[in-house]
file coords-v4.cif (mmCIF, N, CA and C atoms)
data_model
loop_
_atom_site.label_atom_id
_atom_site.label_comp_id
_atom_site.auth_asym_id
_atom_site.auth_seq_id
_atom_site.Cartn_x
_atom_site.Cartn_y
_atom_site.Cartn_z
N MET A 1 22.21 -21.48 -4.48
CA MET A 1 21.14 -22.09 -5.24
C MET A 1 19.92 -22.28 -4.33
N ALA A 2 18.77 -21.95 -4.83
CA ALA A 2 17.54 -22.07 -4.04
C ALA A 2 17.13 -23.53 -3.90
N ALA A 3 16.55 -23.84 -2.77
CA ALA A 3 16.06 -25.19 -2.52
C ALA A 3 14.82 -25.45 -3.38
N LYS A 4 14.63 -26.71 -3.75
CA LYS A 4 13.45 -27.11 -4.50
C LYS A 4 12.26 -27.12 -3.54
N VAL A 5 11.17 -26.49 -3.95
CA VAL A 5 9.96 -26.45 -3.11
C VAL A 5 8.82 -27.16 -3.84
N ASP A 6 8.22 -28.13 -3.15
CA ASP A 6 7.06 -28.85 -3.68
C ASP A 6 5.88 -28.59 -2.74
N ILE A 7 4.72 -28.31 -3.32
CA ILE A 7 3.52 -28.11 -2.53
C ILE A 7 2.37 -28.87 -3.18
N TYR A 8 1.72 -29.70 -2.37
CA TYR A 8 0.58 -30.48 -2.83
C TYR A 8 -0.68 -29.75 -2.37
N THR A 9 -1.60 -29.50 -3.32
CA THR A 9 -2.77 -28.68 -3.04
C THR A 9 -4.04 -29.32 -3.56
N LYS A 10 -5.17 -28.71 -3.18
CA LYS A 10 -6.48 -29.08 -3.74
C LYS A 10 -7.19 -27.81 -4.18
N PHE A 11 -8.05 -27.95 -5.15
CA PHE A 11 -8.82 -26.83 -5.68
C PHE A 11 -9.66 -26.19 -4.57
N GLY A 12 -9.62 -24.86 -4.49
CA GLY A 12 -10.46 -24.14 -3.53
C GLY A 12 -9.99 -24.19 -2.10
N CYS A 13 -8.79 -24.62 -1.86
CA CYS A 13 -8.25 -24.76 -0.50
C CYS A 13 -7.67 -23.43 -0.02
N GLY A 14 -8.27 -22.84 1.00
CA GLY A 14 -7.80 -21.57 1.54
C GLY A 14 -6.42 -21.65 2.16
N TYR A 15 -6.12 -22.76 2.83
CA TYR A 15 -4.79 -22.93 3.43
C TYR A 15 -3.72 -23.03 2.35
N CYS A 16 -4.08 -23.69 1.24
CA CYS A 16 -3.15 -23.80 0.11
C CYS A 16 -2.87 -22.42 -0.46
N PHE A 17 -3.93 -21.63 -0.63
CA PHE A 17 -3.79 -20.27 -1.15
C PHE A 17 -2.88 -19.45 -0.25
N ARG A 18 -3.07 -19.56 1.06
CA ARG A 18 -2.27 -18.81 2.02
C ARG A 18 -0.78 -19.20 1.94
N ALA A 19 -0.53 -20.50 1.85
CA ALA A 19 0.86 -20.97 1.76
C ALA A 19 1.51 -20.51 0.46
N LYS A 20 0.78 -20.63 -0.65
CA LYS A 20 1.33 -20.21 -1.94
C LYS A 20 1.57 -18.70 -1.95
N SER A 21 0.68 -17.94 -1.34
CA SER A 21 0.84 -16.48 -1.28
C SER A 21 2.11 -16.09 -0.54
N LEU A 22 2.40 -16.77 0.56
CA LEU A 22 3.62 -16.50 1.32
C LEU A 22 4.86 -16.79 0.48
N LEU A 23 4.86 -17.92 -0.21
CA LEU A 23 6.00 -18.28 -1.05
C LEU A 23 6.16 -17.28 -2.20
N GLU A 24 5.03 -16.90 -2.82
CA GLU A 24 5.08 -15.95 -3.93
C GLU A 24 5.58 -14.59 -3.46
N LYS A 25 5.15 -14.16 -2.27
CA LYS A 25 5.58 -12.89 -1.71
C LYS A 25 7.10 -12.86 -1.52
N LYS A 26 7.66 -14.03 -1.24
CA LYS A 26 9.11 -14.16 -1.05
C LYS A 26 9.84 -14.36 -2.38
N GLY A 27 9.08 -14.45 -3.48
CA GLY A 27 9.71 -14.64 -4.79
C GLY A 27 10.21 -16.06 -5.01
N VAL A 28 9.61 -17.01 -4.32
CA VAL A 28 10.05 -18.41 -4.40
C VAL A 28 9.32 -19.13 -5.52
N GLU A 29 10.07 -19.82 -6.34
CA GLU A 29 9.46 -20.68 -7.35
C GLU A 29 9.17 -22.02 -6.69
N PHE A 30 8.00 -22.57 -7.00
CA PHE A 30 7.65 -23.86 -6.41
C PHE A 30 6.91 -24.72 -7.41
N ASN A 31 6.95 -26.02 -7.17
CA ASN A 31 6.22 -26.98 -7.98
C ASN A 31 4.92 -27.26 -7.26
N GLU A 32 3.80 -26.98 -7.93
CA GLU A 32 2.49 -27.23 -7.32
C GLU A 32 1.88 -28.47 -7.95
N TYR A 33 1.42 -29.38 -7.08
CA TYR A 33 0.78 -30.60 -7.54
C TYR A 33 -0.64 -30.64 -6.99
N ASP A 34 -1.61 -30.59 -7.90
CA ASP A 34 -3.03 -30.61 -7.52
C ASP A 34 -3.46 -32.06 -7.29
N VAL A 35 -3.86 -32.36 -6.06
CA VAL A 35 -4.28 -33.73 -5.72
C VAL A 35 -5.79 -33.80 -5.47
N THR A 36 -6.54 -32.83 -6.01
CA THR A 36 -7.99 -32.77 -5.82
C THR A 36 -8.65 -34.09 -6.24
N MET A 37 -8.25 -34.60 -7.36
CA MET A 37 -8.87 -35.81 -7.89
C MET A 37 -8.10 -37.09 -7.52
N GLY A 38 -7.16 -36.97 -6.60
CA GLY A 38 -6.38 -38.14 -6.22
C GLY A 38 -5.32 -38.44 -7.25
N GLY A 39 -5.11 -39.70 -7.51
CA GLY A 39 -4.17 -40.10 -8.56
C GLY A 39 -2.73 -40.23 -8.09
N GLU A 40 -1.85 -40.25 -9.09
CA GLU A 40 -0.43 -40.51 -8.88
C GLU A 40 0.22 -39.54 -7.89
N LYS A 41 -0.06 -38.26 -8.04
CA LYS A 41 0.58 -37.26 -7.17
C LYS A 41 0.07 -37.35 -5.73
N LYS A 42 -1.19 -37.74 -5.55
CA LYS A 42 -1.69 -37.93 -4.18
C LYS A 42 -0.97 -39.12 -3.55
N ASP A 43 -0.79 -40.19 -4.32
CA ASP A 43 -0.04 -41.35 -3.82
C ASP A 43 1.37 -40.93 -3.45
N GLU A 44 2.00 -40.13 -4.30
CA GLU A 44 3.35 -39.64 -4.04
C GLU A 44 3.38 -38.81 -2.74
N MET A 45 2.39 -37.93 -2.58
CA MET A 45 2.32 -37.12 -1.37
C MET A 45 2.25 -38.01 -0.13
N GLN A 46 1.42 -39.04 -0.19
CA GLN A 46 1.25 -39.90 0.97
C GLN A 46 2.46 -40.78 1.23
N GLN A 47 3.25 -41.05 0.21
CA GLN A 47 4.51 -41.76 0.41
C GLN A 47 5.53 -40.85 1.10
N ARG A 48 5.55 -39.58 0.68
CA ARG A 48 6.49 -38.62 1.25
C ARG A 48 6.10 -38.19 2.65
N ALA A 49 4.80 -38.13 2.92
CA ALA A 49 4.28 -37.72 4.23
C ALA A 49 3.18 -38.71 4.62
N PRO A 50 3.58 -39.88 5.14
CA PRO A 50 2.62 -40.97 5.39
C PRO A 50 1.41 -40.61 6.26
N ASN A 51 1.55 -39.67 7.17
CA ASN A 51 0.45 -39.32 8.06
C ASN A 51 -0.38 -38.14 7.56
N ALA A 52 -0.06 -37.65 6.38
CA ALA A 52 -0.74 -36.48 5.83
C ALA A 52 -2.15 -36.85 5.36
N ARG A 53 -3.12 -36.11 5.87
CA ARG A 53 -4.51 -36.32 5.44
C ARG A 53 -5.12 -35.02 4.92
N THR A 54 -4.37 -33.93 5.02
CA THR A 54 -4.87 -32.63 4.61
C THR A 54 -3.90 -31.99 3.64
N VAL A 55 -4.32 -30.91 3.01
CA VAL A 55 -3.44 -30.12 2.17
C VAL A 55 -3.45 -28.69 2.68
N PRO A 56 -2.43 -27.92 2.40
CA PRO A 56 -1.28 -28.29 1.59
C PRO A 56 -0.30 -29.16 2.37
N GLN A 57 0.53 -29.87 1.65
CA GLN A 57 1.69 -30.55 2.20
C GLN A 57 2.89 -29.95 1.50
N ILE A 58 3.83 -29.46 2.28
CA ILE A 58 4.93 -28.66 1.74
C ILE A 58 6.27 -29.31 2.06
N PHE A 59 7.11 -29.35 1.04
CA PHE A 59 8.47 -29.89 1.17
C PHE A 59 9.45 -28.85 0.65
N ILE A 60 10.49 -28.59 1.41
CA ILE A 60 11.56 -27.70 0.97
C ILE A 60 12.82 -28.54 0.93
N GLY A 61 13.33 -28.76 -0.28
CA GLY A 61 14.44 -29.69 -0.44
C GLY A 61 13.99 -31.06 0.03
N ASP A 62 14.78 -31.70 0.88
CA ASP A 62 14.41 -33.01 1.43
C ASP A 62 13.66 -32.88 2.75
N HIS A 63 13.41 -31.65 3.19
CA HIS A 63 12.78 -31.40 4.48
C HIS A 63 11.27 -31.32 4.35
N TYR A 64 10.58 -32.10 5.18
CA TYR A 64 9.12 -32.06 5.23
C TYR A 64 8.71 -30.93 6.17
N VAL A 65 8.04 -29.92 5.64
CA VAL A 65 7.61 -28.78 6.43
C VAL A 65 6.30 -29.06 7.14
N GLY A 66 5.33 -29.62 6.40
CA GLY A 66 3.99 -29.81 6.93
C GLY A 66 3.03 -28.97 6.11
N GLY A 67 2.11 -28.30 6.81
CA GLY A 67 1.09 -27.52 6.13
C GLY A 67 1.32 -26.03 6.21
N SER A 68 0.26 -25.29 5.94
CA SER A 68 0.32 -23.83 5.90
C SER A 68 0.72 -23.23 7.24
N ASP A 69 0.17 -23.77 8.33
CA ASP A 69 0.50 -23.25 9.67
C ASP A 69 1.97 -23.43 10.00
N GLU A 70 2.52 -24.57 9.63
CA GLU A 70 3.94 -24.83 9.89
C GLU A 70 4.83 -23.91 9.05
N LEU A 71 4.43 -23.67 7.80
CA LEU A 71 5.18 -22.76 6.94
C LEU A 71 5.17 -21.35 7.53
N ALA A 72 3.99 -20.90 7.98
CA ALA A 72 3.87 -19.57 8.59
C ALA A 72 4.69 -19.48 9.88
N ALA A 73 4.73 -20.55 10.64
CA ALA A 73 5.51 -20.56 11.88
C ALA A 73 7.01 -20.41 11.58
N LEU A 74 7.49 -21.10 10.54
CA LEU A 74 8.90 -20.96 10.15
C LEU A 74 9.21 -19.52 9.78
N GLU A 75 8.29 -18.87 9.08
CA GLU A 75 8.47 -17.47 8.70
C GLU A 75 8.52 -16.58 9.94
N ARG A 76 7.59 -16.79 10.87
CA ARG A 76 7.56 -15.99 12.11
C ARG A 76 8.84 -16.16 12.92
N GLU A 77 9.37 -17.38 12.92
CA GLU A 77 10.58 -17.69 13.70
C GLU A 77 11.86 -17.26 12.99
N GLY A 78 11.72 -16.75 11.76
CA GLY A 78 12.89 -16.31 11.01
C GLY A 78 13.73 -17.44 10.44
N LYS A 79 13.14 -18.62 10.31
CA LYS A 79 13.88 -19.81 9.83
C LYS A 79 13.63 -20.13 8.36
N LEU A 80 12.57 -19.55 7.80
CA LEU A 80 12.16 -19.94 6.44
C LEU A 80 13.18 -19.53 5.38
N ASP A 81 13.70 -18.32 5.45
CA ASP A 81 14.63 -17.84 4.41
C ASP A 81 15.85 -18.75 4.28
N ALA A 82 16.41 -19.17 5.40
CA ALA A 82 17.58 -20.04 5.37
C ALA A 82 17.25 -21.38 4.71
N MET A 83 16.08 -21.90 5.01
CA MET A 83 15.66 -23.17 4.40
C MET A 83 15.49 -23.02 2.89
N LEU A 84 14.92 -21.89 2.48
CA LEU A 84 14.67 -21.66 1.06
C LEU A 84 15.95 -21.47 0.27
N GLU A 85 17.00 -21.00 0.94
CA GLU A 85 18.28 -20.81 0.26
C GLU A 85 18.98 -22.12 0.01
N GLY A 86 18.53 -23.18 0.67
CA GLY A 86 19.14 -24.49 0.47
C GLY A 86 20.31 -24.62 1.34
#
call {"tool": "encode", "arguments": {"input": "coords-v4.cif", "output": "structure tokens"}}
result
Amino acid sequence: MAAKVDIYTKFGCGYCFRAKSLLEKKGVEFNEYDVTMGGEKKDEMQQRAPNARTVPQIFIGDHYVGGSDELAALEREGKLDAMLEG
């Protein structure tokens, strides 16, 4: 069973686009939460990642990945597929 993937994004964010493109290229389904205007999902993001001030913020299962650079690093290191499989 695939791990649940959550990604918090903002409109027009290039890093968000890059992270989503990598996940889509891998055929991964993910839940995208737009926090451009703040609100409930931004509060949720900050509860899950208290030090997060930028987007995207990415979670795979219960694991906090971080942003686009961290996601790309996991892919380069060959660790992302195993995480996505749950």
call {"tool": "resolve_selection", "arguments": {"input": "coords-v4.cif", "expression": "the PyMOL selection byres ((chain A and resi 52-57) around 5)", "output": "ChimeraX atom specification"}}
result
/A:7-9,16,49-51,58-59,66-67
call {"tool": "atom_distance", "arguments": {"input": "coords-v4.cif", "atom1": "CA of Glu77 in chain A", "atom2": "CA of Leu23 in chain A"}}
result
15.5 Å
call {"tool": "closest_residue", "arguments": {"input": "coords-v4.cif", "among": "A:Val5, A:Ser68, A:Ile60, A:Lys10", "to": "Lys42 in chain A", "atoms": "only C-alpha atoms"}}
result
A:Lys10
call {"tool": "select_by_dssp", "arguments": {"input": "coords-v4.cif", "residues": "range 16-45 of chain A", "states": "strand (DSSP E)", "output": "list in words"}}
result
Asn31, Glu32, Tyr33 and Asp34 of chain A
call {"tool": "atom_distance", "arguments": {"input": "coords-v4.cif", "atom1": "CA of Glu85 in chain A", "atom2": "CA of Ala72 in chain A"}}
result
16.7 Å
call {"tool": "resolve_selection", "arguments": {"input": "coords-v4.cif", "expression": "the PyMOL selection byres (((chain A and resi 31 and name CA) around 8) and name CA)", "output": "PyMOL selection string"}}
result
chain A and resi 5-7+29-30+32-33
call {"tool": "select_by_dssp", "arguments": {"input": "coords-v4.cif", "residues": "chain A", "states": "alpha helix (DSSP H)", "output": "VMD selection string"}}
result
chain A and resid 14 to 25 40 to 48 68 to 76 80 to 85
call {"tool": "closest_residue", "arguments": {"input": "coords-v4.cif", "among": "A:Glu70, A:Val65, A:Gln47, A:Gly86", "to": "Tyr15 in chain A", "atoms": "only C-alpha atoms"}}
result
A:Glu70
call {"tool": "atom_distance", "arguments": {"input": "coords-v4.cif", "atom1": "CA of Met45 in chain A", "atom2": "atom N of Ala3 in chain A"}}
result
19.5 Å
call {"tool": "closest_residue", "arguments": {"input": "coords-v4.cif", "among": "A:Phe11, A:Gly61, A:Ala73, A:Ala2", "to": "Val35 in chain A", "atoms": "all atoms listed in the file"}}
result
A:Phe11
call {"tool": "closest_residue", "arguments": {"input": "coords-v4.cif", "among": "A:Val28, A:Ser21, A:Asp34, A:Leu84", "to": "His63 in chain A", "atoms": "only C-alpha atoms"}}
result
A:Leu84
call {"tool": "closest_residue", "arguments": {"input": "coords-v4.cif", "among": "A:Lys41, A:Arg48, A:Lys26, A:Arg18", "to": "Asp69 in chain A", "atoms": "all atoms listed in the file"}}
result
A:Arg18
call {"tool": "decode", "arguments": {"input": "coords-v4.cif", "residues": "range 33-80 of chain A", "atoms": "N, CA and C atoms", "output": "PDB file, in the first residue's frame"}}
result
ATOM      1  N   TYR A  33      -2.729  20.919  -0.500  1.00  0.00           N
ATOM      2  CA  TYR A  33      -3.454  21.915   0.278  1.00  0.00           C
ATOM      3  C   TYR A  33      -2.869  23.288  -0.030  1.00  0.00           C
ATOM      4  N   ASP A  34      -3.683  24.142  -0.635  1.00  0.00           N
ATOM      5  CA  ASP A  34      -3.252  25.494  -0.993  1.00  0.00           C
ATOM      6  C   ASP A  34      -3.389  26.397   0.235  1.00  0.00           C
ATOM      7  N   VAL A  35      -2.257  26.934   0.693  1.00  0.00           N
ATOM      8  CA  VAL A  35      -2.270  27.804   1.876  1.00  0.00           C
ATOM      9  C   VAL A  35      -1.973  29.259   1.505  1.00  0.00           C
ATOM     10  N   THR A  36      -2.202  29.612   0.229  1.00  0.00           N
ATOM     11  CA  THR A  36      -1.941  30.971  -0.259  1.00  0.00           C
ATOM     12  C   THR A  36      -2.648  32.017   0.602  1.00  0.00           C
ATOM     13  N   MET A  37      -3.887  31.757   0.908  1.00  0.00           N
ATOM     14  CA  MET A  37      -4.676  32.725   1.664  1.00  0.00           C
ATOM     15  C   MET A  37      -4.688  32.448   3.170  1.00  0.00           C
ATOM     16  N   GLY A  38      -3.814  31.561   3.619  1.00  0.00           N
ATOM     17  CA  GLY A  38      -3.783  31.241   5.045  1.00  0.00           C
ATOM     18  C   GLY A  38      -4.910  30.294   5.399  1.00  0.00           C
ATOM     19  N   GLY A  39      -5.492  30.514   6.548  1.00  0.00           N
ATOM     20  CA  GLY A  39      -6.650  29.719   6.952  1.00  0.00           C
ATOM     21  C   GLY A  39      -6.296  28.427   7.673  1.00  0.00           C
ATOM     22  N   GLU A  40      -7.312  27.565   7.726  1.00  0.00           N
ATOM     23  CA  GLU A  40      -7.241  26.328   8.501  1.00  0.00           C
ATOM     24  C   GLU A  40      -6.075  25.427   8.094  1.00  0.00           C
ATOM     25  N   LYS A  41      -5.870  25.256   6.801  1.00  0.00           N
ATOM     26  CA  LYS A  41      -4.807  24.358   6.331  1.00  0.00           C
ATOM     27  C   LYS A  41      -3.414  24.927   6.614  1.00  0.00           C
ATOM     28  N   LYS A  42      -3.280  26.258   6.592  1.00  0.00           N
ATOM     29  CA  LYS A  42      -1.981  26.850   6.956  1.00  0.00           C
ATOM     30  C   LYS A  42      -1.714  26.604   8.435  1.00  0.00           C
ATOM     31  N   ASP A  43      -2.740  26.754   9.263  1.00  0.00           N
ATOM     32  CA  ASP A  43      -2.600  26.462  10.694  1.00  0.00           C
ATOM     33  C   ASP A  43      -2.195  25.007  10.889  1.00  0.00           C
ATOM     34  N   GLU A  44      -2.843  24.112  10.150  1.00  0.00           N
ATOM     35  CA  GLU A  44      -2.527  22.683  10.227  1.00  0.00           C
ATOM     36  C   GLU A  44      -1.065  22.438   9.828  1.00  0.00           C
ATOM     37  N   MET A  45      -0.633  23.078   8.740  1.00  0.00           N
ATOM     38  CA  MET A  45       0.752  22.927   8.288  1.00  0.00           C
ATOM     39  C   MET A  45       1.716  23.349   9.390  1.00  0.00           C
ATOM     40  N   GLN A  46       1.435  24.469  10.032  1.00  0.00           N
ATOM     41  CA  GLN A  46       2.342  24.972  11.056  1.00  0.00           C
ATOM     42  C   GLN A  46       2.310  24.135  12.326  1.00  0.00           C
ATOM     43  N   GLN A  47       1.212  23.439  12.572  1.00  0.00           N
ATOM     44  CA  GLN A  47       1.168  22.505  13.696  1.00  0.00           C
ATOM     45  C   GLN A  47       2.014  21.272  13.384  1.00  0.00           C
ATOM     46  N   ARG A  48       1.940  20.811  12.134  1.00  0.00           N
ATOM     47  CA  ARG A  48       2.688  19.618  11.726  1.00  0.00           C
ATOM     48  C   ARG A  48       4.177  19.903  11.568  1.00  0.00           C
ATOM     49  N   ALA A  49       4.512  21.120  11.147  1.00  0.00           N
ATOM     50  CA  ALA A  49       5.904  21.527  10.938  1.00  0.00           C
ATOM     51  C   ALA A  49       6.081  22.914  11.568  1.00  0.00           C
ATOM     52  N   PRO A  50       6.263  22.960  12.898  1.00  0.00           N
ATOM     53  CA  PRO A  50       6.260  24.241  13.625  1.00  0.00           C
ATOM     54  C   PRO A  50       7.253  25.288  13.122  1.00  0.00           C
ATOM     55  N   ASN A  51       8.368  24.879  12.549  1.00  0.00           N
ATOM     56  CA  ASN A  51       9.372  25.838  12.095  1.00  0.00           C
ATOM     57  C   ASN A  51       9.224  26.200  10.619  1.00  0.00           C
ATOM     58  N   ALA A  52       8.203  25.680   9.978  1.00  0.00           N
ATOM     59  CA  ALA A  52       8.006  25.908   8.541  1.00  0.00           C
ATOM     60  C   ALA A  52       7.525  27.332   8.281  1.00  0.00           C
ATOM     61  N   ARG A  53       8.250  28.025   7.420  1.00  0.00           N
ATOM     62  CA  ARG A  53       7.846  29.377   7.031  1.00  0.00           C
ATOM     63  C   ARG A  53       7.710  29.496   5.519  1.00  0.00           C
ATOM     64  N   THR A  54       8.050  28.428   4.805  1.00  0.00           N
ATOM     65  CA  THR A  54       8.016  28.444   3.348  1.00  0.00           C
ATOM     66  C   THR A  54       7.195  27.268   2.845  1.00  0.00           C
ATOM     67  N   VAL A  55       6.892  27.278   1.572  1.00  0.00           N
ATOM     68  CA  VAL A  55       6.238  26.145   0.929  1.00  0.00           C
ATOM     69  C   VAL A  55       7.105  25.698  -0.234  1.00  0.00           C
ATOM     70  N   PRO A  56       6.984  24.467  -0.663  1.00  0.00           N
ATOM     71  CA  PRO A  56       6.050  23.474  -0.146  1.00  0.00           C
ATOM     72  C   PRO A  56       6.534  22.879   1.172  1.00  0.00           C
ATOM     73  N   GLN A  57       5.611  22.303   1.907  1.00  0.00           N
ATOM     74  CA  GLN A  57       5.917  21.466   3.057  1.00  0.00           C
ATOM     75  C   GLN A  57       5.333  20.105   2.730  1.00  0.00           C
ATOM     76  N   ILE A  58       6.177  19.090   2.804  1.00  0.00           N
ATOM     77  CA  ILE A  58       5.801  17.765   2.309  1.00  0.00           C
ATOM     78  C   ILE A  58       5.881  16.731   3.435  1.00  0.00           C
ATOM     79  N   PHE A  59       4.846  15.909   3.486  1.00  0.00           N
ATOM     80  CA  PHE A  59       4.772  14.823   4.466  1.00  0.00           C
ATOM     81  C   PHE A  59       4.489  13.529   3.719  1.00  0.00           C
ATOM     82  N   ILE A  60       5.244  12.497   4.033  1.00  0.00           N
ATOM     83  CA  ILE A  60       4.999  11.164   3.471  1.00  0.00           C
ATOM     84  C   ILE A  60       4.679  10.265   4.642  1.00  0.00           C
ATOM     85  N   GLY A  61       3.431   9.803   4.699  1.00  0.00           N
ATOM     86  CA  GLY A  61       2.988   9.063   5.873  1.00  0.00           C
ATOM     87  C   GLY A  61       3.111   9.975   7.084  1.00  0.00           C
ATOM     88  N   ASP A  62       3.730   9.484   8.151  1.00  0.00           N
ATOM     89  CA  ASP A  62       3.940  10.291   9.356  1.00  0.00           C
ATOM     90  C   ASP A  62       5.277  11.014   9.328  1.00  0.00           C
ATOM     91  N   HIS A  63       6.029  10.850   8.239  1.00  0.00           N
ATOM     92  CA  HIS A  63       7.375  11.418   8.143  1.00  0.00           C
ATOM     93  C   HIS A  63       7.341  12.812   7.526  1.00  0.00           C
ATOM     94  N   TYR A  64       7.969  13.757   8.212  1.00  0.00           N
ATOM     95  CA  TYR A  64       8.097  15.117   7.694  1.00  0.00           C
ATOM     96  C   TYR A  64       9.315  15.166   6.781  1.00  0.00           C
ATOM     97  N   VAL A  65       9.092  15.430   5.507  1.00  0.00           N
ATOM     98  CA  VAL A  65      10.179  15.483   4.528  1.00  0.00           C
ATOM     99  C   VAL A  65      10.846  16.847   4.527  1.00  0.00           C
ATOM    100  N   GLY A  66      10.036  17.906   4.516  1.00  0.00           N
ATOM    101  CA  GLY A  66      10.560  19.261   4.378  1.00  0.00           C
ATOM    102  C   GLY A  66      10.036  19.848   3.085  1.00  0.00           C
ATOM    103  N   GLY A  67      10.926  20.517   2.344  1.00  0.00           N
ATOM    104  CA  GLY A  67      10.517  21.183   1.120  1.00  0.00           C
ATOM    105  C   GLY A  67      10.966  20.466  -0.135  1.00  0.00           C
ATOM    106  N   SER A  68      10.944  21.202  -1.225  1.00  0.00           N
ATOM    107  CA  SER A  68      11.282  20.659  -2.541  1.00  0.00           C
ATOM    108  C   SER A  68      12.714  20.138  -2.598  1.00  0.00           C
ATOM    109  N   ASP A  69      13.654  20.882  -2.012  1.00  0.00           N
ATOM    110  CA  ASP A  69      15.061  20.459  -2.032  1.00  0.00           C
ATOM    111  C   ASP A  69      15.260  19.148  -1.289  1.00  0.00           C
ATOM    112  N   GLU A  70      14.584  18.998  -0.165  1.00  0.00           N
ATOM    113  CA  GLU A  70      14.705  17.756   0.613  1.00  0.00           C
ATOM    114  C   GLU A  70      14.089  16.580  -0.137  1.00  0.00           C
ATOM    115  N   LEU A  71      12.967  16.822  -0.809  1.00  0.00           N
ATOM    116  CA  LEU A  71      12.332  15.770  -1.609  1.00  0.00           C
ATOM    117  C   LEU A  71      13.270  15.332  -2.735  1.00  0.00           C
ATOM    118  N   ALA A  72      13.875  16.306  -3.421  1.00  0.00           N
ATOM    119  CA  ALA A  72      14.808  16.000  -4.511  1.00  0.00           C
ATOM    120  C   ALA A  72      16.036  15.253  -3.987  1.00  0.00           C
ATOM    121  N   ALA A  73      16.499  15.611  -2.803  1.00  0.00           N
ATOM    122  CA  ALA A  73      17.651  14.930  -2.210  1.00  0.00           C
ATOM    123  C   ALA A  73      17.327  13.465  -1.919  1.00  0.00           C
ATOM    124  N   LEU A  74      16.127  13.197  -1.401  1.00  0.00           N
ATOM    125  CA  LEU A  74      15.718  11.806  -1.156  1.00  0.00           C
ATOM    126  C   LEU A  74      15.717  11.014  -2.457  1.00  0.00           C
ATOM    127  N   GLU A  75      15.254  11.632  -3.531  1.00  0.00           N
ATOM    128  CA  GLU A  75      15.235  10.972  -4.837  1.00  0.00           C
ATOM    129  C   GLU A  75      16.661  10.676  -5.306  1.00  0.00           C
ATOM    130  N   ARG A  76      17.552  11.665  -5.192  1.00  0.00           N
ATOM    131  CA  ARG A  76      18.955  11.479  -5.608  1.00  0.00           C
ATOM    132  C   ARG A  76      19.633  10.367  -4.812  1.00  0.00           C
ATOM    133  N   GLU A  77      19.292  10.279  -3.528  1.00  0.00           N
ATOM    134  CA  GLU A  77      19.910   9.281  -2.642  1.00  0.00           C
ATOM    135  C   GLU A  77      19.272   7.904  -2.781  1.00  0.00           C
ATOM    136  N   GLY A  78      18.220   7.803  -3.607  1.00  0.00           N
ATOM    137  CA  GLY A  78      17.557   6.521  -3.803  1.00  0.00           C
ATOM    138  C   GLY A  78      16.673   6.094  -2.646  1.00  0.00           C
ATOM    139  N   LYS A  79      16.275   7.038  -1.810  1.00  0.00           N
ATOM    140  CA  LYS A  79      15.475   6.714  -0.609  1.00  0.00           C
ATOM    141  C   LYS A  79      13.982   7.002  -0.782  1.00  0.00           C
ATOM    142  N   LEU A  80      13.639   7.770  -1.811  1.00  0.00           N
ATOM    143  CA  LEU A  80      12.248   8.229  -1.939  1.00  0.00           C
ATOM    144  C   LEU A  80      11.283   7.091  -2.251  1.00  0.00           C
TER     145      LEU A  80
END
